[in-house]
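Asker: Sharing a structure below in structure tokens format, with a few things to ask.
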Amino acid sequence: MSETSPKSGYLRQAWLVILLALFYGAALAGVQVTLGPRIAKNKLNETYEQVPKIVPGADQTKTVPRTVKGEVDGKEYSVYQAFSMGGDHVGWVVPASGQGFADRIDVLVGIDAPLETITGLYVLDQKETPGLGNLIVKNEEPDDFCNRFKQLQAEPTLEVFKDEPPPGSNGIRALSGATISSKGVANAVNSALDNLKGPMGALPDRPPSEPAAPTSETDKREDD
Amino acid sequence: MPSHEPTAAERFINGIIPENPVYRQLLGMCPTLAVTAGMKPAMTMAAATAFVLIMANIIVSLIRGLLKPHLRILVFTLTIATFVTIADRVLAAYLWEMSKALGPYVPLIIVNCLIISRCEICSSKQGPGVAIADAVGMSLGFALALASIATVREILGAGTWFGLPVLSATWWPTWGVMMLPPGAFLTLGLLLGLAEWIGQKKKQSSA
């Protein structure tokens, strides 16, 4: 038969590898199908949990995910529109990423409804130097890094200073010993706001389930 | 031939102290240094590694008769990578915070030489019973080694153990360097020296 042909020789050599690869592939697909939704939910939950912390007055359950197309790069991004208990539009949560010292830094930026003032910042993921750059995640004390972004303006571009920012500037004081990590976060915020502020401003400021404006008496009563 | 192979009990015991993966074989140095700043990440890493090692040892042992010598490493790697991916996904699904804290070190279990060395030395040559005993022994040895380093680093560096306060913050100025990479190297070096010293002492006293 074809025992001497190289083709059957390869198959005879490699059948176990091929079979195992198929079997493992199927097993991993099964794991992904089973656990994938749960992992996606974990990621989303983390974002949702932060919404009331970085947008004052926002209610976690009233958060509405929106998809916007970046002005600068034309890619699609998810942003989160934050509403208060009463349904008032109180702000936005914008995911942003930038290059840090070690790896990419992923943050969430909270900003008020007119897209003018930054209301909070949360670091989702970072791999900065422990003890130095990884202090960017701190958000408990008023002087902790995340809180230095509060009340800054969305425009002009945020700047990073080695010392206390001069009066009238729109910037933050860098963490000592971690200027690159600090700049990484500021750059992430700047580029995300540059890219998404325009298209976000064009979105309706009501949750999608509610009508854009009450058109009749009945609608008004339902709103009340 | 098989009479020369260690028994299940010998394999099990060897993994814990006499052939401890970290202190005797210097294997798995990457997680040993990287995730031992605290007990929680260290023990999660030990559990994930144990899962991968035990599963890989079982599979390799079951198919050992079918292995072609020149393709065996490929089969080992394929098997290990599969179980590492499963461990990584399970951590991300059920221990999200820990999965984030461990970051790239879970996928890096794939290149932990401890696992591939057990496939090569034990499970590709012996039956599943011995392979399981070997994997469990080695996993315990690895967990003990990580625990010893993490205990020193967490107590000295943060004053806590498993997150519980051990040293009072009032008189212990937490020794930040122990949480950083230099602390990992210092601790590992000193504990390796200690293990070697004890080993020498034992040898002398038995001679």
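Ordering of the structure tokens sets the chain letters (A, B, ...); residue numbers start at 1 within each chain; ligands are numbered from 1 in the order shown.
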For chain A, which residues have at least one atom within 9 Å of chain B, if we go by only C-alpha atoms? Write them as number ranges by chain, please.

Answerer: A: 13-14, 16-17, 20-21, 24-25, 27-28, 31-32, 35-43, 125, 127, 129-131

Asker: Which residues come within 10 Å of Asn139 of chain A, counting only C-alpha atoms, excluding same-chain residues fewer than 4 positions away, as a ChimeraX atom specification?

Answerer: /A:120-123,135,143-148

Asker: Using only C-alpha atoms, which of the listed residues (B:Cys122, B:Met98, B:Leu156, B:Leu191) sits closest to Glu10 of chain B?

Answerer: B:Cys122

Asker: I want to know what sits within 12 Å of Asp163 of chain A, based on only C-alpha atoms, with residues of the same chain fewer than 6 positions away left out; could you give that as a PDB file with C-alpha atoms, in the first residue's frame?

Answerer:
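What landed in selection-v5.pdb:
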```pdb
ATOM      1  CA  GLY A 171      -3.498  69.704  35.048  1.00  0.00           C
ATOM      2  CA  ILE A 172      -2.463  67.268  37.752  1.00  0.00           C
ATOM      3  CA  ARG A 173       0.569  66.773  39.920  1.00  0.00           C
ATOM      4  CA  ALA A 174       2.456  63.637  38.868  1.00  0.00           C
ATOM      5  CA  LEU A 175       3.140  60.864  41.365  1.00  0.00           C
ATOM      6  CA  SER A 176       6.701  61.232  42.577  1.00  0.00           C
ATOM      7  CA  GLY A 177       8.876  58.629  40.927  1.00  0.00           C
ATOM      8  CA  THR A 179       5.930  60.570  35.981  1.00  0.00           C
TER       9      THR A 179
END
```

Asker: Could you give me, as a VMD selection string, the residues within 6 Å of segment 45-52 of chain B, counting only C-alpha atoms and dropping anything in the same chain fewer than 3 positions from it?

Answerer: chain B and resid 42 55 to 56 83 139 143

Asker: Which residue is closest to Tyr105 of chain B? Choose from B:Ala147, B:Ala158, B:Val130, B:Ala87 and count only C-alpha atoms.

Answerer: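 Under the stated criterion, the closest residue is B:Ala87.
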
Asker: Let's see if you can do this: from backbone DSSP, list all strand (DSSP E) residues in segment 24-222 of chain A, as a PyMOL selection string.

Answerer: chain A and resi 64-69+76-83+89-99+104-112+118-125+159-161+171-173

Asker: With N, CA and C atoms kept, could you save the residues just selected as a compact mmCIF listing (two decimals), in the first residue's frame?

Answerer:
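Result file follows (out.txt):
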```txt
# COMPACT_ATOMS: atom_id res chain seq x y z
N VAL A 64 -26.85 53.47 31.05
CA VAL A 64 -27.20 53.00 29.71
C VAL A 64 -25.94 52.91 28.86
N PRO A 65 -25.62 51.71 28.35
CA PRO A 65 -24.46 51.61 27.47
C PRO A 65 -24.78 52.19 26.09
N ARG A 66 -23.84 52.92 25.54
CA ARG A 66 -24.03 53.51 24.20
C ARG A 66 -22.80 53.19 23.36
N THR A 67 -23.00 53.10 22.08
CA THR A 67 -21.87 52.90 21.18
C THR A 67 -21.66 54.18 20.39
N VAL A 68 -20.43 54.68 20.41
CA VAL A 68 -20.14 55.90 19.64
C VAL A 68 -18.95 55.65 18.73
N LYS A 69 -18.93 56.40 17.64
CA LYS A 69 -17.84 56.27 16.68
C LYS A 69 -16.84 57.38 16.95
N GLU A 76 -15.36 52.13 16.73
CA GLU A 76 -16.52 52.16 17.62
C GLU A 76 -16.10 51.91 19.07
N TYR A 77 -16.67 52.67 19.99
CA TYR A 77 -16.35 52.54 21.42
C TYR A 77 -17.64 52.45 22.22
N SER A 78 -17.54 51.77 23.36
CA SER A 78 -18.68 51.75 24.29
C SER A 78 -18.48 52.86 25.31
N VAL A 79 -19.48 53.66 25.53
CA VAL A 79 -19.46 54.62 26.63
C VAL A 79 -20.73 54.38 27.45
N TYR A 80 -20.77 54.92 28.66
CA TYR A 80 -21.91 54.66 29.52
C TYR A 80 -22.52 55.98 29.94
N GLN A 81 -23.82 56.08 29.70
CA GLN A 81 -24.52 57.30 30.04
C GLN A 81 -25.13 57.10 31.43
N ALA A 82 -24.82 58.02 32.34
CA ALA A 82 -25.24 57.84 33.73
C ALA A 82 -26.45 58.71 34.02
N PHE A 83 -27.47 58.10 34.64
CA PHE A 83 -28.68 58.82 35.01
C PHE A 83 -28.89 58.73 36.52
N HIS A 89 -30.16 63.13 33.41
CA HIS A 89 -28.84 62.79 32.89
C HIS A 89 -27.78 63.51 33.72
N VAL A 90 -26.96 62.76 34.46
CA VAL A 90 -25.99 63.41 35.35
C VAL A 90 -24.56 63.32 34.85
N GLY A 91 -24.29 62.46 33.88
CA GLY A 91 -22.91 62.40 33.39
C GLY A 91 -22.65 61.20 32.52
N TRP A 92 -21.36 60.99 32.29
CA TRP A 92 -20.93 59.91 31.40
C TRP A 92 -19.76 59.17 32.04
N VAL A 93 -19.61 57.91 31.67
CA VAL A 93 -18.40 57.17 32.01
C VAL A 93 -17.77 56.73 30.69
N VAL A 94 -16.52 57.15 30.50
CA VAL A 94 -15.84 56.88 29.24
C VAL A 94 -14.64 55.98 29.51
N PRO A 95 -14.60 54.77 28.94
CA PRO A 95 -13.40 53.95 29.07
C PRO A 95 -12.27 54.55 28.23
N ALA A 96 -11.06 54.57 28.80
CA ALA A 96 -9.92 55.14 28.07
C ALA A 96 -8.70 54.28 28.32
N SER A 97 -7.80 54.21 27.35
CA SER A 97 -6.55 53.50 27.60
C SER A 97 -5.37 54.27 27.05
N GLY A 98 -4.23 54.09 27.71
CA GLY A 98 -3.01 54.75 27.26
C GLY A 98 -1.81 53.91 27.67
N GLN A 99 -0.68 54.23 27.09
CA GLN A 99 0.54 53.48 27.39
C GLN A 99 1.14 53.97 28.71
N ARG A 104 -0.18 48.68 29.00
CA ARG A 104 -1.32 49.54 28.77
C ARG A 104 -2.03 49.81 30.10
N ILE A 105 -2.52 51.04 30.26
CA ILE A 105 -3.32 51.37 31.44
C ILE A 105 -4.75 51.59 30.96
N ASP A 106 -5.71 50.88 31.57
CA ASP A 106 -7.12 51.08 31.23
C ASP A 106 -7.79 51.83 32.36
N VAL A 107 -8.47 52.92 32.03
CA VAL A 107 -9.15 53.70 33.07
C VAL A 107 -10.59 53.97 32.65
N LEU A 108 -11.39 54.37 33.62
CA LEU A 108 -12.73 54.88 33.36
C LEU A 108 -12.73 56.34 33.76
N VAL A 109 -13.22 57.21 32.90
CA VAL A 109 -13.29 58.63 33.21
C VAL A 109 -14.75 58.99 33.43
N GLY A 110 -15.02 59.65 34.56
CA GLY A 110 -16.36 60.16 34.79
C GLY A 110 -16.39 61.62 34.39
N ILE A 111 -17.44 62.02 33.70
CA ILE A 111 -17.53 63.42 33.25
C ILE A 111 -18.98 63.87 33.35
N ASP A 112 -19.19 65.17 33.59
CA ASP A 112 -20.56 65.62 33.79
C ASP A 112 -21.35 65.63 32.48
N ILE A 118 -14.48 66.99 34.55
CA ILE A 118 -14.22 65.60 34.95
C ILE A 118 -14.69 65.41 36.38
N THR A 119 -15.47 64.36 36.62
CA THR A 119 -16.03 64.16 37.96
C THR A 119 -15.34 63.03 38.71
N GLY A 120 -14.57 62.20 38.02
CA GLY A 120 -13.89 61.11 38.72
C GLY A 120 -13.10 60.25 37.76
N LEU A 121 -12.23 59.42 38.36
CA LEU A 121 -11.38 58.55 37.54
C LEU A 121 -11.20 57.24 38.29
N TYR A 122 -11.22 56.14 37.55
CA TYR A 122 -10.99 54.83 38.17
C TYR A 122 -10.07 54.04 37.25
N VAL A 123 -9.05 53.40 37.84
CA VAL A 123 -8.12 52.60 37.04
C VAL A 123 -8.62 51.16 37.02
N LEU A 124 -8.98 50.69 35.82
CA LEU A 124 -9.51 49.33 35.67
C LEU A 124 -8.38 48.31 35.65
N ASP A 125 -7.32 48.60 34.91
CA ASP A 125 -6.28 47.61 34.73
C ASP A 125 -4.95 48.30 34.51
N GLU A 159 -2.65 68.62 31.53
CA GLU A 159 -1.19 68.60 31.57
C GLU A 159 -0.73 67.90 32.85
N VAL A 160 0.51 67.44 32.83
CA VAL A 160 1.07 66.78 34.01
C VAL A 160 2.25 67.61 34.51
N PHE A 161 2.21 67.98 35.80
CA PHE A 161 3.28 68.79 36.39
C PHE A 161 4.02 67.97 37.43
N GLY A 171 -4.42 70.84 35.00
CA GLY A 171 -3.50 69.70 35.05
C GLY A 171 -3.43 69.07 36.41
N ILE A 172 -2.62 68.01 36.50
CA ILE A 172 -2.46 67.27 37.75
C ILE A 172 -0.99 67.25 38.15
N ARG A 173 -0.78 66.99 39.43
CA ARG A 173 0.57 66.77 39.92
C ARG A 173 0.89 65.29 39.72
```

Asker: Between atom CA of Gly199 of chain B and atom CA of Ala150 of chain B, what is the distance, to one decimal in Å?

Answerer: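 Between these atoms lies a distance of 21.7 Å.
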
Asker: Taking only C-alpha atoms into account, which of A:Ala102, A:Ala113, A:Leu132, A:Ala202 comes nearest Gly184 of chain A?

Answerer: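 The shortest atom-to-atom distance to Gly184 of chain A comes from A:Ala102.
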
Asker: Please provide the set of residues having any atom within 9 Å of Val152 of chain B, restricted to only C-alpha atoms, with same-chain residues fewer than 5 positions apart removed, written as a count of residues only.

Answerer: 5

Asker: Pick the closest to Glu128 of chain A from A:Pro199, A:Pro208, A:Gly100, A:Pro165: which is it, counting only C-alpha atoms?

Answerer: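 Checking each of A:Pro199, A:Pro208, A:Gly100, A:Pro165 against Glu128 of chain A, counting only C-alpha atoms, the winner is A:Gly100.
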
Asker: Mind checking DSSP for segment 41-188 of chain A and telling me the alpha helix (DSSP H) residues as a list in words?

Answerer: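 Alpha helix (DSSP H) assignments inside segment 41-188 of chain A correspond to Lys41, Asn42, Lys43, Leu44, Asn45, Glu46, Thr47, Tyr48, Glu49, Gln50, Val51, Pro52, Lys53, Ile54, Thr179, Ile180, Ser181, Ser182, Lys183, Gly184, Val185, Ala186, Asn187 and Ala188 of chain A.
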
Asker: List as a list in words the protein and nucleic acid residues near Ile155 of chain B, meaning an atom at most 9 Å away when only C-alpha atoms are counted, but skip any in the same chain fewer than 6 places from it.

Answerer: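 After dropping sequence-adjacent residues, the list is Gly38, Trp161, Pro165, Val166, Leu167 and Thr174 of chain B.
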
Asker: Could the residues in this selection be written to a file with C-alpha atoms, as a tab-separated table (two decimals), in the first residue's frame?

Answerer:
```tsv
chain	number	residue	atom	x	y	z
B	38	GLY	CA	1.09	38.09	49.57
B	161	TRP	CA	-0.71	37.31	56.64
B	165	PRO	CA	-3.01	41.96	60.57
B	166	VAL	CA	-0.06	40.22	62.26
B	167	LEU	CA	2.38	43.00	63.10
B	174	THR	CA	6.10	48.20	56.94
```

Asker: Using atom CA of Asn190 of chain A and atom CA of Pro156 of chain A as the two end points, give the distance in Å to one decimal.

Answerer: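 Separating atom CA of Asn190 of chain A from atom CA of Pro156 of chain A is a distance of 9.1 Å.
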
Asker: For a test of reading the model, state the distance in Å between atom CA of Val136 of chain B and atom CA of Arg118 of chain B, rounded to one decimal.

Answerer: 11.0 Å
